[in-house]
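Student: One file: structure-v5.txt (compact mmCIF, C-alpha atoms).
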```
# COMPACT_ATOMS: atom_id res chain seq x y z
CA MET A 11 -38.50 -10.87 -29.41
CA SER A 12 -38.50 -7.60 -31.20
CA ARG A 13 -35.90 -5.08 -30.27
CA PRO A 14 -36.53 -1.38 -29.95
CA LEU A 15 -35.87 0.95 -32.78
CA VAL A 16 -33.09 3.47 -32.27
CA ASP A 17 -33.09 6.29 -34.76
CA GLY A 18 -35.09 4.13 -37.08
CA TYR A 19 -32.65 1.15 -36.90
CA ARG A 20 -33.20 -2.08 -35.06
CA ILE A 21 -30.13 -2.79 -32.93
CA VAL A 22 -29.19 -6.48 -33.06
CA PRO A 23 -26.03 -7.58 -31.21
CA VAL A 24 -23.45 -9.26 -33.43
CA ARG A 25 -22.53 -12.74 -32.21
CA ARG A 26 -18.79 -13.21 -32.13
CA GLY A 27 -17.63 -16.72 -33.10
CA TYR A 28 -16.10 -18.76 -30.31
CA VAL A 29 -13.30 -19.99 -32.55
CA SER A 30 -12.75 -19.02 -36.14
CA HIS A 31 -14.02 -21.43 -38.77
CA GLY A 32 -10.45 -21.94 -39.95
CA VAL A 33 -9.24 -23.06 -36.53
CA PHE A 34 -12.18 -25.40 -36.07
CA GLY A 35 -11.66 -26.98 -39.49
CA MET A 36 -7.94 -27.29 -38.84
CA ALA A 37 -8.64 -28.97 -35.50
CA LEU A 38 -10.74 -31.61 -37.25
CA PHE A 39 -8.06 -32.09 -39.90
CA VAL A 40 -5.30 -32.40 -37.31
CA PHE A 41 -7.41 -34.95 -35.41
CA THR A 42 -7.46 -37.22 -38.47
CA GLU A 43 -3.79 -36.61 -39.22
CA VAL A 44 -2.76 -37.57 -35.70
CA MET A 45 -4.61 -40.85 -36.13
CA LEU A 46 -2.91 -41.40 -39.49
CA PHE A 47 0.55 -40.98 -38.00
CA ALA A 48 -0.42 -43.08 -35.00
CA ALA A 49 -1.39 -45.89 -37.37
CA PHE A 50 1.93 -45.58 -39.23
CA ILE A 51 3.93 -45.65 -36.02
CA SER A 52 1.87 -48.54 -34.68
CA ALA A 53 2.55 -50.63 -37.80
CA PHE A 54 6.24 -49.75 -37.60
CA VAL A 55 6.49 -50.80 -33.95
CA ILE A 56 4.80 -54.14 -34.63
CA VAL A 57 6.99 -54.93 -37.63
CA ARG A 58 10.17 -53.95 -35.78
CA SER A 59 9.23 -56.09 -32.80
CA GLY A 60 8.88 -59.07 -35.14
CA ALA A 61 12.45 -58.65 -36.38
CA ALA A 62 13.80 -60.40 -33.28
CA GLY A 63 16.57 -57.90 -32.62
CA LEU A 64 17.80 -57.70 -36.21
CA TRP A 65 16.95 -54.04 -36.68
CA PRO A 66 18.00 -52.54 -38.99
CA PRO A 67 18.30 -55.62 -41.16
CA PRO A 68 21.81 -56.65 -42.25
CA GLY A 69 23.21 -54.48 -45.01
CA GLN A 70 21.05 -51.48 -44.15
CA PRO A 71 22.44 -48.27 -42.62
CA ARG A 72 21.57 -47.04 -39.17
CA LEU A 73 19.46 -43.93 -39.10
CA PRO A 74 21.44 -40.86 -37.95
CA PHE A 75 19.97 -40.36 -34.48
CA GLY A 76 22.50 -37.79 -33.24
CA GLN A 77 22.52 -35.63 -36.36
CA THR A 78 18.73 -35.53 -36.48
CA ALA A 79 18.64 -34.36 -32.87
CA ILE A 80 19.92 -30.97 -34.09
CA HIS A 81 17.12 -30.77 -36.63
CA THR A 82 14.67 -31.70 -33.90
CA VAL A 83 15.88 -28.89 -31.66
CA ALA A 84 15.56 -26.45 -34.56
CA LEU A 85 11.98 -27.54 -35.20
CA LEU A 86 11.04 -27.27 -31.53
CA ALA A 87 12.61 -23.82 -31.39
CA SER A 88 10.56 -22.87 -34.43
CA GLY A 89 7.36 -23.85 -32.60
CA ALA A 90 8.43 -21.85 -29.55
CA LEU A 91 9.14 -18.80 -31.72
CA LEU A 92 5.74 -19.03 -33.34
CA TYR A 93 4.19 -19.14 -29.88
CA LEU A 94 6.17 -16.03 -29.01
CA ALA A 95 4.88 -14.37 -32.19
CA GLU A 96 1.33 -15.15 -31.14
CA ARG A 97 1.89 -13.71 -27.67
CA ARG A 98 3.39 -10.55 -29.14
CA SER A 99 0.56 -10.14 -31.61
CA ARG A 100 -1.89 -10.28 -28.72
CA SER A 101 -0.05 -7.89 -26.46
CA ARG A 102 1.49 -5.40 -28.90
CA GLY A 103 -0.46 -5.86 -32.10
CA MET A 104 0.13 -7.88 -35.21
CA PRO A 105 3.22 -6.01 -36.55
CA ALA A 106 5.16 -6.96 -33.39
CA ALA A 107 4.90 -10.63 -34.40
CA ALA A 108 6.96 -10.11 -37.55
CA GLY A 109 10.38 -10.93 -36.05
CA PRO A 110 9.53 -14.19 -34.29
CA LEU A 111 7.37 -15.28 -37.22
CA LEU A 112 10.22 -14.80 -39.67
CA ALA A 113 12.61 -16.69 -37.35
CA ALA A 114 10.12 -19.56 -37.00
CA LEU A 115 9.76 -19.68 -40.77
CA ALA A 116 13.55 -19.76 -41.24
CA LEU A 117 13.99 -22.58 -38.73
CA GLY A 118 11.20 -24.55 -40.41
CA ILE A 119 12.92 -24.18 -43.78
CA TYR A 120 16.20 -25.25 -42.18
CA PHE A 121 14.53 -28.40 -40.80
CA VAL A 122 13.13 -29.43 -44.19
CA VAL A 123 16.36 -28.70 -46.06
CA ALA A 124 18.43 -30.58 -43.44
CA GLN A 125 16.09 -33.54 -43.69
CA GLY A 126 16.49 -33.49 -47.46
CA VAL A 127 20.28 -33.55 -47.11
CA GLU A 128 19.96 -36.45 -44.69
CA TRP A 129 17.73 -38.35 -47.13
CA THR A 130 20.29 -37.88 -49.88
CA ALA A 131 23.03 -39.38 -47.70
CA LEU A 132 20.83 -42.33 -46.77
CA LEU A 133 19.95 -42.97 -50.41
CA ARG A 134 23.68 -43.04 -51.21
CA GLN A 135 24.16 -45.62 -48.47
CA GLY A 136 21.57 -47.87 -50.08
CA LEU A 137 18.48 -47.15 -47.99
CA THR A 138 15.65 -46.88 -50.49
CA LEU A 139 11.91 -47.35 -50.38
CA THR A 140 12.23 -50.95 -51.58
CA SER A 141 15.56 -51.98 -50.04
CA SER A 142 14.06 -53.15 -46.75
CA GLN A 143 11.25 -52.62 -44.27
CA VAL A 144 13.36 -49.96 -42.59
CA GLY A 145 13.54 -47.95 -45.78
CA ALA A 146 9.86 -48.43 -46.57
CA PHE A 147 8.73 -47.25 -43.14
CA PHE A 148 11.32 -44.50 -42.92
CA TYR A 149 10.38 -42.87 -46.21
CA LEU A 150 6.67 -43.38 -45.61
CA ILE A 151 6.52 -41.90 -42.12
CA VAL A 152 9.23 -39.26 -42.37
CA GLY A 153 8.15 -38.42 -45.91
CA ALA A 154 4.55 -37.89 -44.82
CA HIS A 155 5.76 -35.62 -42.04
CA ALA A 156 8.02 -33.70 -44.43
CA LEU A 157 5.08 -33.20 -46.78
CA HIS A 158 3.07 -31.68 -43.93
CA ALA A 159 6.06 -29.54 -42.95
CA VAL A 160 6.39 -28.17 -46.49
CA VAL A 161 2.68 -27.27 -46.64
CA ALA A 162 2.88 -25.65 -43.21
CA ILE A 163 5.95 -23.64 -44.24
CA GLY A 164 3.99 -22.42 -47.25
CA ALA A 165 1.19 -21.33 -44.92
CA LEU A 166 3.69 -19.55 -42.68
CA GLY A 167 5.06 -17.81 -45.76
CA VAL A 168 1.55 -16.65 -46.67
CA CYS A 169 1.16 -15.33 -43.11
CA TRP A 170 4.45 -13.49 -43.39
CA THR A 171 3.56 -11.79 -46.69
CA ARG A 172 0.12 -10.85 -45.38
CA LEU A 173 1.66 -9.48 -42.22
CA ARG A 174 4.01 -7.32 -44.24
CA ALA A 175 1.07 -6.07 -46.28
CA GLY A 176 -0.97 -5.40 -43.13
CA ARG A 177 -3.64 -7.90 -44.14
CA LEU A 178 -2.99 -10.76 -41.70
CA THR A 179 -6.12 -11.55 -39.71
CA PRO A 180 -6.01 -13.30 -36.32
CA GLY A 181 -8.13 -16.15 -37.72
CA VAL A 182 -5.66 -16.99 -40.50
CA PHE A 183 -2.73 -16.66 -38.10
CA SER A 184 -4.33 -18.97 -35.52
CA THR A 185 -5.18 -21.56 -38.15
CA THR A 186 -1.62 -21.62 -39.46
CA GLN A 187 -0.27 -21.79 -35.93
CA PHE A 188 -2.44 -24.80 -35.16
CA PHE A 189 -1.10 -26.65 -38.17
CA TRP A 190 2.52 -25.76 -37.40
CA TYR A 191 2.17 -26.89 -33.78
CA PHE A 192 0.90 -30.22 -35.10
CA VAL A 193 3.96 -30.53 -37.36
CA VAL A 194 6.29 -29.57 -34.50
CA LEU A 195 4.76 -31.78 -31.83
CA MET A 196 4.34 -34.82 -34.06
CA TRP A 197 8.03 -34.87 -34.94
CA PRO A 198 9.51 -35.87 -31.53
CA ALA A 199 7.22 -38.92 -31.45
CA ILE A 200 8.37 -39.94 -34.94
CA TYR A 201 11.98 -39.21 -34.12
CA LEU A 202 12.07 -41.21 -30.90
CA VAL A 203 10.29 -44.24 -32.38
CA VAL A 204 11.65 -44.45 -35.92
CA TYR A 205 15.24 -43.28 -35.48
CA GLN A 206 16.12 -45.43 -32.47
CA MET B 7 -18.85 -80.92 -46.21
CA LYS B 8 -16.06 -78.39 -46.64
CA ARG B 9 -17.56 -76.22 -43.93
CA LEU B 10 -17.75 -79.18 -41.56
CA GLY B 11 -14.13 -79.98 -42.31
CA GLY B 12 -13.16 -76.41 -41.53
CA VAL B 13 -14.97 -76.48 -38.19
CA LEU B 14 -13.42 -79.80 -37.24
CA GLY B 15 -9.98 -78.58 -38.31
CA GLY B 16 -10.42 -75.48 -36.17
CA LEU B 17 -11.42 -77.53 -33.17
CA LEU B 18 -8.60 -80.03 -33.55
CA LEU B 19 -5.85 -77.63 -34.66
CA PRO B 20 -6.72 -74.24 -33.13
CA ARG B 21 -3.21 -72.84 -33.63
CA ALA B 22 -3.61 -73.11 -37.39
CA CYS B 23 -6.71 -70.93 -37.31
CA HIS B 24 -5.15 -67.65 -36.26
CA ALA B 25 -6.82 -65.17 -38.58
CA CYS B 26 -4.42 -62.35 -37.87
CA ALA B 27 -0.81 -62.72 -38.90
CA VAL B 28 0.33 -60.53 -36.03
CA CYS B 29 -1.60 -62.55 -33.42
CA GLY B 30 -0.05 -65.68 -34.85
CA PHE B 31 3.48 -64.48 -34.29
CA GLY B 32 5.35 -66.70 -31.95
CA LEU B 33 7.39 -63.89 -30.42
CA GLY B 34 6.25 -62.57 -27.09
CA GLN B 35 7.77 -59.19 -27.94
CA SER B 36 5.59 -58.99 -31.01
CA ARG B 37 2.46 -59.87 -29.08
CA SER B 38 3.33 -57.23 -26.52
CA ALA B 39 3.85 -54.61 -29.23
CA PHE B 40 0.52 -55.52 -30.81
CA PHE B 41 -1.25 -55.22 -27.46
CA TRP B 42 0.27 -51.88 -26.50
CA THR B 43 -0.22 -50.27 -29.90
CA THR B 44 -3.86 -51.39 -29.79
CA VAL B 45 -4.20 -49.74 -26.39
CA ALA B 46 -2.56 -46.56 -27.68
CA LEU B 47 -4.71 -46.39 -30.80
CA SER B 48 -7.83 -46.90 -28.70
CA ILE B 49 -6.96 -44.26 -26.11
CA LEU B 50 -5.58 -41.62 -28.48
CA PRO B 51 -8.86 -40.49 -30.13
CA LEU B 52 -10.66 -40.55 -26.78
CA GLY B 53 -7.87 -38.49 -25.26
CA MET B 54 -8.06 -35.94 -28.05
CA LEU B 55 -11.83 -35.68 -27.63
CA ALA B 56 -11.43 -35.26 -23.88
CA ALA B 57 -8.83 -32.54 -24.45
CA GLY B 58 -11.21 -30.73 -26.81
CA ILE B 59 -14.07 -30.91 -24.32
CA TYR B 60 -11.79 -29.69 -21.51
CA TYR B 61 -10.69 -26.78 -23.69
CA LEU B 62 -14.29 -25.85 -24.45
CA LYS B 63 -15.19 -26.04 -20.78
CA ARG B 64 -12.20 -24.06 -19.55
CA VAL B 65 -12.00 -21.35 -22.16
CA GLY B 66 -15.52 -21.36 -23.53
CA GLY B 67 -17.40 -21.25 -20.23
CA ALA B 68 -17.12 -17.52 -19.73
CA TRP B 69 -17.76 -16.88 -23.40
CA LEU B 70 -20.93 -18.96 -23.38
CA ARG B 71 -22.23 -17.23 -20.26
CA GLU B 72 -21.66 -13.88 -21.92
CA GLU B 73 -23.17 -15.12 -25.17
CA PHE B 74 -26.62 -15.70 -23.68
CA ARG B 75 -26.62 -13.08 -20.94
CA GLU B 76 -28.47 -10.49 -22.93
CA ARG B 77 -31.08 -12.94 -24.14
CA ASP B 78 -31.62 -14.28 -20.62
CA GLU B 79 -31.95 -10.80 -19.17
CA GLU B 80 -34.60 -9.98 -21.72
CA ALA B 81 -36.44 -13.17 -20.91
CA VAL B 82 -36.36 -12.39 -17.18
CA HIS B 83 -37.63 -8.89 -17.78
CA ALA B 84 -40.44 -10.24 -19.90
CA ALA B 85 -41.40 -12.88 -17.33
CA ILE B 86 -41.65 -10.60 -14.28
CA PRO B 87 -45.07 -8.97 -14.06
CA ARG B 88 -44.67 -5.32 -13.50
CA PRO B 89 -47.29 -2.95 -12.14
CA ARG B 90 -48.92 -0.87 -14.73
CA PRO B 91 -47.84 2.71 -14.62
CA GLU B 92 -50.49 5.00 -13.34
CA PRO B 93 -52.06 7.09 -16.01
CA ALA B 94 -50.71 10.55 -16.08
CA ARG B 95 -52.86 13.00 -14.35
CA PHE B 96 -53.59 15.97 -16.41
CA SER B 97 -55.25 19.04 -15.19
CA PRO B 98 -58.60 19.41 -16.87
CA PRO B 99 -58.34 21.43 -19.97
CA ALA B 100 -58.97 25.02 -19.48
CA PRO B 101 -62.25 26.14 -20.93
CA ALA B 102 -61.88 27.63 -24.27
CA PRO B 103 -62.10 31.36 -24.19
CA ALA B 104 -65.43 32.56 -25.25
CA VAL B 105 -65.22 33.81 -28.70
CA PRO B 106 -67.55 36.68 -29.16
CA THR B 107 -69.94 35.86 -31.86
CA PRO B 108 -70.84 38.75 -33.99
CA SER B 109 -74.34 39.73 -33.34
CA PRO B 110 -76.51 39.84 -36.38
CA SER B 111 -76.75 43.30 -37.49
CA ARG B 112 -80.12 44.72 -37.31
CA THR B 113 -81.00 46.83 -40.06
```
Could you render the structure as structure tokens?

Tutor:
Amino acid sequence: MSRPLVDGYRIVPVRRGYVSHGVFGMALFVFTEVMLFAAFISAFVIVRSGAAGLWPPPGQPRLPFGQTAIHTVALLASGALLYLAERRSRSRGMPAAAGPLLAALALGIYFVVAQGVEWTALLRQGLTLTSSQVGAFFYLIVGAHALHAVVAIGALGVCWTRLRAGRLTPGVFSTTQFFWYFVVLMWPAIYLVVYQ
Amino acid sequence: MKRLGGVLGGLLLPRACHACAVCGFGLGQSRSAFFWTTVALSILPLGMLAAGIYYLKRVGGAWLREEFRERDEEAVHAAIPRPRPEPARFSPPAPAPAVPTPSPSRT
């Protein structure tokens, strides 16, 4: 259907995308990652149930459930702050998101560093990748999550620098948010299953 | 002969033919864990798909209606027969003023 000419130009309405390509691609990626972690956790649960109550095996340290609770709260707070940043960017414009975004980034870095300190202590106590099934599953599952957290922190850092330079687009911000929410929401499931 | 032996062995000693090491576990707790993790792994992708479809329906409904509104309006306008506009009535053109033709000069 041809459209009328206005001042010699044909006016064609621009179709706005429903979601940005970045968000859609990230949603597909997160879908596969959730299934990956679900498979890890599933294997862990089956192996632990076959240990007949001897978990962790004799000679292996208990995982620090209480200490990690603090890290968990920090990570959840980081997710909440990023949500606040998103709300502010919508209501007051992108520069208003700078404060909450920086706080979310700082809490994410704290989580990863604290986990690293915890790993060091566990290694000193003799929990290694090959010492037992506990160690193998712990470093596999928590290590995979930490890897995702590090990548997501890098993405948040990119968002922060772009925001400071005035070049942060809503599409990039939403994509990074999606990934960070995955990192944040996956952790409580890992924490409650693996650390208990 | 080997195949026949395998079939007979399976019929006579079915417990020895558990293909899956997890299914063959004697512990009830282990069987229960295998069952429930299978349920979770089956439901999880379906749940995520359902959540995605719900999101598209809830948030995308208004967007999709707006997306095709203009096109649909054009189609409706094109489909409705409209009466032809009456031709404009012009007053008959005024006769051209008579231009006096020069009379041939008579010499």

Student: Only residues of chain A matter here; which ones have an atom within 9 Å of chain B, counting only C-alpha atoms? Give them as a PyMOL selection string.

Tutor: chain A and resi 11+25-26+28+41+44-45+48-49+51-53+55-62

Student: Could you give me, as a list in words, the residues within 8 Å of Leu91 of chain A, counting only C-alpha atoms and dropping anything in the same chain fewer than 2 positions from it?

Tutor: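 Listed by chain and then number, they are Ala87, Ser88, Gly89, Tyr93, Leu94, Ala95, Pro110, Leu111, Ala113 and Ala114 of chain A.
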
Student: Suppose we keep C-alpha atoms; can you now write the selection as a tab-separated table (two decimals), in the frame of the given file?

Tutor:
```
chain	number	residue	atom	x	y	z
A	87	ALA	CA	12.61	-23.82	-31.39
A	88	SER	CA	10.56	-22.87	-34.43
A	89	GLY	CA	7.36	-23.85	-32.60
A	93	TYR	CA	4.19	-19.14	-29.88
A	94	LEU	CA	6.17	-16.03	-29.01
A	95	ALA	CA	4.88	-14.37	-32.19
A	110	PRO	CA	9.53	-14.19	-34.29
A	111	LEU	CA	7.37	-15.28	-37.22
A	113	ALA	CA	12.61	-16.69	-37.35
A	114	ALA	CA	10.12	-19.56	-37.00
```

Student: To one decimal place in Å, what is the distance between atom CA of Ser141 of chain A and atom CA of Gly69 of chain A?

Tutor: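 Atom CA of Gly69 of chain A lies 9.5 Å from atom CA of Ser141 of chain A.
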
Student: Residues within 12 Å of Pro71 of chain A, please, as an mmCIF file with C-alpha atoms, keeping the file's coordinate frame. Count only C-alpha atoms; anything in the same chain fewer than 3 positions from it doesn't count.

Tutor:
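Resulting contents of part_1.cif:
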```cif
data_model
loop_
_atom_site.group_PDB
_atom_site.id
_atom_site.type_symbol
_atom_site.label_atom_id
_atom_site.label_comp_id
_atom_site.auth_asym_id
_atom_site.auth_seq_id
_atom_site.Cartn_x
_atom_site.Cartn_y
_atom_site.Cartn_z
ATOM 1 C CA TRP A 65 16.950 -54.040 -36.680
ATOM 2 C CA PRO A 66 18.000 -52.540 -38.990
ATOM 3 C CA PRO A 67 18.300 -55.620 -41.160
ATOM 4 C CA PRO A 68 21.810 -56.650 -42.250
ATOM 5 C CA PRO A 74 21.440 -40.860 -37.950
ATOM 6 C CA PHE A 75 19.970 -40.360 -34.480
ATOM 7 C CA TRP A 129 17.730 -38.350 -47.130
ATOM 8 C CA ALA A 131 23.030 -39.380 -47.700
ATOM 9 C CA LEU A 132 20.830 -42.330 -46.770
ATOM 10 C CA LEU A 133 19.950 -42.970 -50.410
ATOM 11 C CA ARG A 134 23.680 -43.040 -51.210
ATOM 12 C CA GLN A 135 24.160 -45.620 -48.470
ATOM 13 C CA GLY A 136 21.570 -47.870 -50.080
ATOM 14 C CA LEU A 137 18.480 -47.150 -47.990
ATOM 15 C CA THR A 138 15.650 -46.880 -50.490
ATOM 16 C CA SER A 141 15.560 -51.980 -50.040
ATOM 17 C CA SER A 142 14.060 -53.150 -46.750
ATOM 18 C CA VAL A 144 13.360 -49.960 -42.590
ATOM 19 C CA GLY A 145 13.540 -47.950 -45.780
ATOM 20 C CA PHE A 148 11.320 -44.500 -42.920
ATOM 21 C CA TYR A 205 15.240 -43.280 -35.480
#
```

Student: Residues within 9 Å of Phe192 of chain A, please, as an mmCIF file with C-alpha atoms, in the coordinates of the input. Count all atoms listed in the file; anything in the same chain fewer than 3 positions from it doesn't count.

Tutor:
```
data_model
loop_
_atom_site.group_PDB
_atom_site.id
_atom_site.type_symbol
_atom_site.label_atom_id
_atom_site.label_comp_id
_atom_site.auth_asym_id
_atom_site.auth_seq_id
_atom_site.Cartn_x
_atom_site.Cartn_y
_atom_site.Cartn_z
ATOM 1 C CA VAL A 40 -5.300 -32.400 -37.310
ATOM 2 C CA GLU A 43 -3.790 -36.610 -39.220
ATOM 3 C CA VAL A 44 -2.760 -37.570 -35.700
ATOM 4 C CA GLN A 187 -0.270 -21.790 -35.930
ATOM 5 C CA PHE A 188 -2.440 -24.800 -35.160
ATOM 6 C CA PHE A 189 -1.100 -26.650 -38.170
ATOM 7 C CA LEU A 195 4.760 -31.780 -31.830
ATOM 8 C CA MET A 196 4.340 -34.820 -34.060
ATOM 9 C CA TRP A 197 8.030 -34.870 -34.940
#
```

Student: Give me the box for segment 94-106 of chain A as lines of an AutoDock Vina configuration file, namely the centre and edge lengths in Å to one decimal of a box along x, y and z that holds every listed atom plus 8 Å on each side.

Tutor:
```
center_x = 2.1
center_y = -10.7
center_z = -31.5
size_x = 24.1
size_y = 26.6
size_z = 26.1
```

Student: Quick one: distance from atom CA of Leu46 of chain A to atom CA of Ala146 of chain A in Å, one decimal?

Tutor: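 Interatomic distance here is 16.2 Å.
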
Student: Counting all atoms listed in the file, which residue out of A:Val194, A:Ile200, A:Ala107, A:Leu157 sits closest to Val83 of chain A?

Tutor: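 Ranked by minimum distance to Val83 of chain A, first place goes to A:Val194.
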
Student: Model the absent atoms of segment 37-50 of chain B so that N, CA and C atoms are present, and write the result as a PDB file, keeping the file's coordinate frame.

Tutor:
```
ATOM      1  N   ARG B  37       3.801 -59.890 -29.686  1.00  0.00           N
ATOM      2  CA  ARG B  37       2.460 -59.870 -29.080  1.00  0.00           C
ATOM      3  C   ARG B  37       2.313 -58.647 -28.174  1.00  0.00           C
ATOM      4  N   SER B  38       3.360 -58.373 -27.425  1.00  0.00           N
ATOM      5  CA  SER B  38       3.330 -57.230 -26.520  1.00  0.00           C
ATOM      6  C   SER B  38       3.187 -55.922 -27.307  1.00  0.00           C
ATOM      7  N   ALA B  39       3.947 -55.826 -28.410  1.00  0.00           N
ATOM      8  CA  ALA B  39       3.850 -54.610 -29.230  1.00  0.00           C
ATOM      9  C   ALA B  39       2.452 -54.460 -29.817  1.00  0.00           C
ATOM     10  N   PHE B  40       1.873 -55.580 -30.246  1.00  0.00           N
ATOM     11  CA  PHE B  40       0.520 -55.520 -30.810  1.00  0.00           C
ATOM     12  C   PHE B  40      -0.482 -55.051 -29.758  1.00  0.00           C
ATOM     13  N   PHE B  41      -0.330 -55.583 -28.545  1.00  0.00           N
ATOM     14  CA  PHE B  41      -1.250 -55.220 -27.460  1.00  0.00           C
ATOM     15  C   PHE B  41      -1.138 -53.727 -27.132  1.00  0.00           C
ATOM     16  N   TRP B  42       0.110 -53.258 -26.947  1.00  0.00           N
ATOM     17  CA  TRP B  42       0.270 -51.880 -26.500  1.00  0.00           C
ATOM     18  C   TRP B  42      -0.080 -50.863 -27.588  1.00  0.00           C
ATOM     19  N   THR B  43       0.186 -51.204 -28.841  1.00  0.00           N
ATOM     20  CA  THR B  43      -0.220 -50.270 -29.900  1.00  0.00           C
ATOM     21  C   THR B  43      -1.744 -50.234 -30.036  1.00  0.00           C
ATOM     22  N   THR B  44      -2.385 -51.392 -29.780  1.00  0.00           N
ATOM     23  CA  THR B  44      -3.860 -51.390 -29.790  1.00  0.00           C
ATOM     24  C   THR B  44      -4.395 -50.496 -28.686  1.00  0.00           C
ATOM     25  N   VAL B  45      -3.778 -50.597 -27.525  1.00  0.00           N
ATOM     26  CA  VAL B  45      -4.200 -49.740 -26.390  1.00  0.00           C
ATOM     27  C   VAL B  45      -4.016 -48.269 -26.767  1.00  0.00           C
ATOM     28  N   ALA B  46      -2.843 -47.965 -27.341  1.00  0.00           N
ATOM     29  CA  ALA B  46      -2.560 -46.560 -27.680  1.00  0.00           C
ATOM     30  C   ALA B  46      -3.537 -46.036 -28.731  1.00  0.00           C
ATOM     31  N   LEU B  47      -3.802 -46.854 -29.743  1.00  0.00           N
ATOM     32  CA  LEU B  47      -4.710 -46.390 -30.800  1.00  0.00           C
ATOM     33  C   LEU B  47      -6.149 -46.278 -30.295  1.00  0.00           C
ATOM     34  N   SER B  48      -6.477 -47.016 -29.254  1.00  0.00           N
ATOM     35  CA  SER B  48      -7.830 -46.900 -28.700  1.00  0.00           C
ATOM     36  C   SER B  48      -7.950 -45.656 -27.823  1.00  0.00           C
ATOM     37  N   ILE B  49      -6.892 -45.378 -27.070  1.00  0.00           N
ATOM     38  CA  ILE B  49      -6.960 -44.260 -26.110  1.00  0.00           C
ATOM     39  C   ILE B  49      -6.765 -42.911 -26.797  1.00  0.00           C
ATOM     40  N   LEU B  50      -5.949 -42.898 -27.850  1.00  0.00           N
ATOM     41  CA  LEU B  50      -5.580 -41.620 -28.480  1.00  0.00           C
ATOM     42  C   LEU B  50      -6.780 -40.782 -28.942  1.00  0.00           C
TER      43      LEU B  50
END
```
